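Visitor: Okay, here's the structure, questions in a sec.
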Amino acid sequence: MPGSSLTPQRTESFQWKPSSIDMGKLSPWSFFSEQGRDLPLPRETRGIDPCREQEPSLLIATCRDKVKCEQTLKVLRERCAGTRPASLDSWPLELSSFDNVRSFVDRFNAEGPERLNILVANAGTFKPVYTRTQDDWEVMLQVNYLSMALLSILLLPHLLHSATCDDPSRLVLVSSLGHYLAEPVLTGSRNWDHVLGTISAEKFRASGMSRYNLSKMLQVAFVRELTARLPSPTPLVITAVDPGLCHSSLQRELEKYCLLRMILAFVKWLLRARTSEMGSRTLVYAALATNAQDLHGKYMSSCEVVEECDYLLSAEGKAFSERLWWETIEVLSKVVPRSCHEKVNGSSFVLFVERPGGALQSSTVPRK
């Protein structure tokens, strides 16, 4: 589900224990040990149980079209038999179109609840063959990163208005273990005239898997940069999570080819692929854990905070992340040419502010 709106009752059963895992450099052993771990979470975190146990006032699941929305809503009602049907809904959202993202947010502004406590950005796509969207971006870059950033930013006012520092809202972005493998395609990136334009171009000559991994690294960088621009303590906790390799429809494009389908099945068996329900537990944990401030700006795997890739922690990676942030703001400002200015607990939080020349800046004005 790309996004969900929850107004849950917090529970003390979610307690995070610091992790000693260092996964900055991905090794075969670290992958196998992480992927094969059981996730013994409390009952409330398993599958769709939060809907039943936390009694959200409204949960909105999004799908690409109305048909899938109807199918999803039917499944939700079956699994949440004890929940009032009115508290569940499903809206169409196609992230390969900026216009569709804006229309979704416009609908949320008009018809959505007064409070948005949790946004789980779980949508993603994988295309083995280079594909461009109607907005003229490479499809994985737009769906997995640009539209995810646009949706998060446009719903930011709702998340902020619904929160306090004692009871913060949550923004959970679903990344991937694959982001550890993205660094090689960024060789020479400091010399690129335009990061997003270079990555999106067909002549970038990266494989489909490399592009996918890179889009997931960009998500982690986005979390770092947005976190740095929020006041501290924060009324909004932002976390990037890795669900692990799961049995899901993400690989459906590969499964169209008989040989690749067999190879994929073997890889999933070899790497002990998780069920989607098991993979979802880290998402639910990030959304509902009571020690929210400990998770802010962090990357999580197997329900533990772990270190993101070494590249993003390096001086070069930090410079790349900041440059990516400004380019992202520039691109999205052309999609939504308006400012976003929110008061947050006595601090003035400014995401988009027009400069005299028409460009945009992003900043946080300290509390006075």
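So you can find residues: chains in the structure tokens are A, B, ... in the order shown, residues in each start at 1, and ligands are numbered from 1 in order.
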Within 12 Å of A:Asp166, counting only C-alpha atoms, which residues show up once you throw out same-chain ones fewer than 3 positions away? Write them as a PyMOL selection string, please.

Guide: chain A and resi 10+162-163+169+232-237+290-293+345

Visitor: Take the residues that were just selected and, keeping all heavy atoms, output them as a CSV table (one decimal), in the first residue's frame.

Guide:
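And here is the file that came out, out-v4.csv:
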```csv
chain,number,residue,atom,x,y,z
A,10,ARG,N,-1.7,4.9,20.8
A,10,ARG,CA,-0.3,4.4,21.0
A,10,ARG,C,-0.3,3.2,22.0
A,10,ARG,O,-1.1,3.2,22.9
A,10,ARG,CB,0.6,5.5,21.4
A,10,ARG,CG,0.6,6.7,20.6
A,10,ARG,CD,1.1,6.5,19.2
A,10,ARG,NE,1.1,7.7,18.4
A,10,ARG,CZ,1.3,7.7,17.1
A,10,ARG,NH1,1.5,6.7,16.4
A,10,ARG,NH2,1.4,8.9,16.5
A,162,SER,N,-1.1,17.6,12.7
A,162,SER,CA,-1.7,16.5,13.5
A,162,SER,C,-0.8,16.1,14.6
A,162,SER,O,-1.2,15.1,15.3
A,162,SER,CB,-2.0,15.3,12.6
A,162,SER,OG,-2.8,15.6,11.5
A,163,ALA,N,0.3,16.8,14.8
A,163,ALA,CA,1.3,16.2,15.7
A,163,ALA,C,1.7,17.2,16.8
A,163,ALA,O,1.5,18.4,16.7
A,163,ALA,CB,2.5,15.9,14.9
A,169,SER,N,3.7,12.7,14.5
A,169,SER,CA,3.3,12.0,13.3
A,169,SER,C,4.4,11.2,12.8
A,169,SER,O,5.6,11.4,13.1
A,169,SER,CB,2.7,13.0,12.3
A,169,SER,OG,1.6,13.7,12.8
A,232,SER,N,14.0,20.6,16.1
A,232,SER,CA,14.4,19.5,17.1
A,232,SER,C,14.0,20.0,18.5
A,232,SER,O,14.4,21.1,18.9
A,232,SER,CB,15.8,19.2,17.1
A,232,SER,OG,16.2,18.2,18.0
A,233,PRO,N,13.2,19.3,19.3
A,233,PRO,CA,12.6,18.0,19.0
A,233,PRO,C,11.5,18.1,17.9
A,233,PRO,O,11.0,19.2,17.7
A,233,PRO,CB,12.0,17.5,20.3
A,233,PRO,CG,11.7,18.8,21.0
A,233,PRO,CD,12.8,19.7,20.7
A,234,THR,N,11.3,17.1,17.2
A,234,THR,CA,10.5,17.2,16.0
A,234,THR,C,9.1,16.7,16.2
A,234,THR,O,8.9,15.7,17.0
A,234,THR,CB,11.1,16.4,14.8
A,234,THR,OG1,10.2,16.4,13.7
A,234,THR,CG2,11.3,14.9,15.2
A,235,PRO,N,8.1,17.3,15.6
A,235,PRO,CA,6.7,16.8,15.7
A,235,PRO,C,6.4,15.8,14.6
A,235,PRO,O,5.3,15.2,14.5
A,235,PRO,CB,5.8,18.1,15.5
A,235,PRO,CG,6.7,18.9,14.6
A,235,PRO,CD,8.1,18.6,15.0
A,236,LEU,N,7.4,15.5,13.8
A,236,LEU,CA,7.2,14.5,12.7
A,236,LEU,C,8.5,13.6,12.6
A,236,LEU,O,9.6,14.1,12.5
A,236,LEU,CB,7.1,15.2,11.3
A,236,LEU,CG,7.1,14.3,10.1
A,236,LEU,CD1,5.9,13.3,10.1
A,236,LEU,CD2,7.0,15.2,8.8
A,237,VAL,N,8.3,12.3,12.8
A,237,VAL,CA,9.4,11.4,12.8
A,237,VAL,C,9.4,10.7,11.4
A,237,VAL,O,8.4,10.2,11.0
A,237,VAL,CB,9.2,10.3,13.9
A,237,VAL,CG1,10.2,9.2,13.7
A,237,VAL,CG2,9.3,10.9,15.3
A,290,THR,N,6.7,3.4,20.2
A,290,THR,CA,6.5,4.5,21.1
A,290,THR,C,7.8,5.4,21.3
A,290,THR,O,7.7,6.5,21.6
A,290,THR,CB,6.1,4.0,22.5
A,290,THR,OG1,7.0,3.0,23.0
A,290,THR,CG2,4.7,3.4,22.5
A,291,ASN,N,8.9,4.8,21.0
A,291,ASN,CA,10.2,5.5,21.2
A,291,ASN,C,10.5,6.3,19.8
A,291,ASN,O,11.6,6.1,19.2
A,291,ASN,CB,11.3,4.6,21.5
A,291,ASN,CG,11.5,3.4,20.5
A,291,ASN,OD1,10.5,2.9,20.1
A,291,ASN,ND2,12.7,3.0,20.2
A,292,ALA,N,9.6,7.1,19.4
A,292,ALA,CA,9.6,7.7,18.1
A,292,ALA,C,10.9,8.5,17.8
A,292,ALA,O,11.5,8.3,16.8
A,292,ALA,CB,8.4,8.6,17.9
A,293,GLN,N,11.3,9.3,18.8
A,293,GLN,CA,12.5,10.2,18.5
A,293,GLN,C,13.7,9.4,18.2
A,293,GLN,O,14.7,9.8,17.6
A,293,GLN,CB,12.7,11.1,19.7
A,293,GLN,CG,11.5,12.0,20.0
A,293,GLN,CD,11.2,13.0,18.9
A,293,GLN,OE1,12.1,13.3,18.0
A,293,GLN,NE2,10.0,13.5,18.8
A,345,ASN,N,4.6,24.3,16.3
A,345,ASN,CA,5.0,24.4,17.7
A,345,ASN,C,5.8,25.6,18.0
A,345,ASN,O,6.9,25.5,18.7
A,345,ASN,CB,5.6,23.1,18.2
A,345,ASN,CG,4.7,21.9,18.2
A,345,ASN,OD1,3.5,22.1,18.2
A,345,ASN,ND2,5.3,20.7,18.2
```

Visitor: Residues near stretch 189-203 of chain A, anyone? I mean within 12 Å using only C-alpha atoms, not counting same-chain ones fewer than 2 positions away, as an MDAnalysis selection string.

Guide: chainID A and resid 129:133 135:143 145:146 182:187 205:208 210:215 218 315:332

Visitor: Can you pull out every residue from stretch 49-127 of chain A that DSSP, working from the backbone, puts in helix (DSSP H, G or I), and format the result as JSON, numbers by chain?

Guide: {"A": [49, 50, 51, 52, 53, 66, 67, 68, 69, 70, 71, 72, 73, 74, 75, 76, 77, 78, 79, 85, 86, 87, 98, 99, 100, 101, 102, 103, 104, 105, 106, 107, 108, 109, 110, 111]}

Visitor: What would the file look like if the residues just selected were written as a CSV table (one decimal), in the first residue's frame with N, CA and C atoms?

Guide:
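See result.csv below for the written result:
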```
chain,number,residue,atom,x,y,z
A,49,ASP,N,-3.1,-6.5,11.7
A,49,ASP,CA,-3.6,-6.3,13.0
A,49,ASP,C,-3.6,-4.9,13.6
A,50,PRO,N,-2.7,-4.0,13.2
A,50,PRO,CA,-2.8,-2.7,13.7
A,50,PRO,C,-4.1,-2.0,13.4
A,51,CYS,N,-4.7,-2.4,12.3
A,51,CYS,CA,-6.1,-1.9,12.0
A,51,CYS,C,-7.1,-2.3,13.0
A,52,ARG,N,-6.9,-3.5,13.5
A,52,ARG,CA,-7.9,-4.1,14.5
A,52,ARG,C,-7.5,-3.6,15.9
A,53,GLU,N,-6.2,-3.7,16.2
A,53,GLU,CA,-5.8,-3.4,17.6
A,53,GLU,C,-5.7,-1.9,17.9
A,66,LYS,N,-8.9,2.1,-10.0
A,66,LYS,CA,-10.1,1.9,-9.2
A,66,LYS,C,-10.3,0.4,-9.0
A,67,VAL,N,-10.0,-0.4,-10.0
A,67,VAL,CA,-10.3,-1.8,-9.8
A,67,VAL,C,-9.4,-2.4,-8.7
A,68,LYS,N,-8.2,-2.1,-8.7
A,68,LYS,CA,-7.3,-2.6,-7.6
A,68,LYS,C,-7.7,-2.0,-6.3
A,69,CYS,N,-8.2,-0.8,-6.3
A,69,CYS,CA,-8.7,-0.2,-5.0
A,69,CYS,C,-9.9,-1.0,-4.4
A,70,GLU,N,-10.8,-1.4,-5.3
A,70,GLU,CA,-11.9,-2.2,-4.9
A,70,GLU,C,-11.5,-3.5,-4.3
A,71,GLN,N,-10.5,-4.2,-5.0
A,71,GLN,CA,-10.0,-5.4,-4.5
A,71,GLN,C,-9.3,-5.3,-3.2
A,72,THR,N,-8.5,-4.2,-3.1
A,72,THR,CA,-7.8,-4.0,-1.8
A,72,THR,C,-8.7,-3.7,-0.6
A,73,LEU,N,-9.8,-2.9,-0.9
A,73,LEU,CA,-10.7,-2.6,0.1
A,73,LEU,C,-11.5,-3.9,0.6
A,74,LYS,N,-11.7,-4.8,-0.3
A,74,LYS,CA,-12.4,-6.0,0.0
A,74,LYS,C,-11.5,-6.9,1.0
A,75,VAL,N,-10.2,-6.9,0.6
A,75,VAL,CA,-9.3,-7.7,1.5
A,75,VAL,C,-9.1,-7.0,2.8
A,76,LEU,N,-9.1,-5.7,2.9
A,76,LEU,CA,-8.9,-5.0,4.2
A,76,LEU,C,-10.1,-5.3,5.1
A,77,ARG,N,-11.3,-5.3,4.5
A,77,ARG,CA,-12.5,-5.5,5.3
A,77,ARG,C,-12.6,-6.9,5.8
A,78,GLU,N,-12.1,-7.9,5.0
A,78,GLU,CA,-12.0,-9.3,5.4
A,78,GLU,C,-11.1,-9.5,6.6
A,79,ARG,N,-9.9,-8.8,6.5
A,79,ARG,CA,-8.9,-9.0,7.5
A,79,ARG,C,-9.1,-8.1,8.8
A,85,PRO,N,-16.5,-0.7,9.0
A,85,PRO,CA,-16.3,-0.5,7.6
A,85,PRO,C,-16.0,0.9,7.1
A,86,ALA,N,-16.6,1.8,7.8
A,86,ALA,CA,-16.4,3.2,7.5
A,86,ALA,C,-15.0,3.7,7.7
A,87,SER,N,-14.2,3.0,8.5
A,87,SER,CA,-12.9,3.4,8.9
A,87,SER,C,-11.8,2.9,7.9
A,98,PHE,N,2.8,13.0,-12.2
A,98,PHE,CA,2.8,14.1,-11.2
A,98,PHE,C,1.4,14.7,-11.1
A,99,ASP,N,0.7,14.7,-12.2
A,99,ASP,CA,-0.7,15.3,-12.1
A,99,ASP,C,-1.6,14.4,-11.3
A,100,ASN,N,-1.4,13.1,-11.3
A,100,ASN,CA,-2.2,12.2,-10.5
A,100,ASN,C,-1.9,12.4,-9.0
A,101,VAL,N,-0.6,12.6,-8.7
A,101,VAL,CA,-0.2,12.8,-7.3
A,101,VAL,C,-0.9,14.1,-6.8
A,102,ARG,N,-0.8,15.2,-7.6
A,102,ARG,CA,-1.5,16.4,-7.2
A,102,ARG,C,-3.0,16.2,-7.0
A,103,SER,N,-3.6,15.5,-7.9
A,103,SER,CA,-5.0,15.3,-7.8
A,103,SER,C,-5.4,14.5,-6.6
A,104,PHE,N,-4.5,13.5,-6.2
A,104,PHE,CA,-4.7,12.8,-5.0
A,104,PHE,C,-4.7,13.7,-3.8
A,105,VAL,N,-3.7,14.5,-3.8
A,105,VAL,CA,-3.5,15.4,-2.6
A,105,VAL,C,-4.7,16.4,-2.6
A,106,ASP,N,-5.1,16.9,-3.7
A,106,ASP,CA,-6.3,17.8,-3.8
A,106,ASP,C,-7.5,17.1,-3.2
A,107,ARG,N,-7.7,15.9,-3.5
A,107,ARG,CA,-8.8,15.1,-3.0
A,107,ARG,C,-8.7,15.0,-1.5
A,108,PHE,N,-7.4,14.7,-1.0
A,108,PHE,CA,-7.2,14.5,0.4
A,108,PHE,C,-7.5,15.8,1.1
A,109,ASN,N,-7.1,17.0,0.5
A,109,ASN,CA,-7.4,18.3,1.1
A,109,ASN,C,-8.9,18.5,1.3
A,110,ALA,N,-9.7,18.0,0.3
A,110,ALA,CA,-11.1,18.3,0.2
A,110,ALA,C,-11.9,17.3,1.0
A,111,GLU,N,-11.5,16.0,0.9
A,111,GLU,CA,-12.3,14.9,1.5
A,111,GLU,C,-11.7,14.2,2.6
```

Visitor: Let me make sure I understand: among A:Leu171, A:Ile238, A:Leu159, A:Met148, which one has the smallest atom-to-atom distance to A:Ser97 if we use only C-alpha atoms?

Guide: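 With only C-alpha atoms as the atom set, the closest residue is A:Met148.
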
Visitor: Point out the residue among A:His158, A:Arg170, A:Lys216, A:His296 with the least atom-to-atom distance to A:Leu116, counting only C-alpha atoms.

Guide: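 Of A:His158, A:Arg170, A:Lys216, A:His296, the one nearest A:Leu116, counting only C-alpha atoms, is A:His158.
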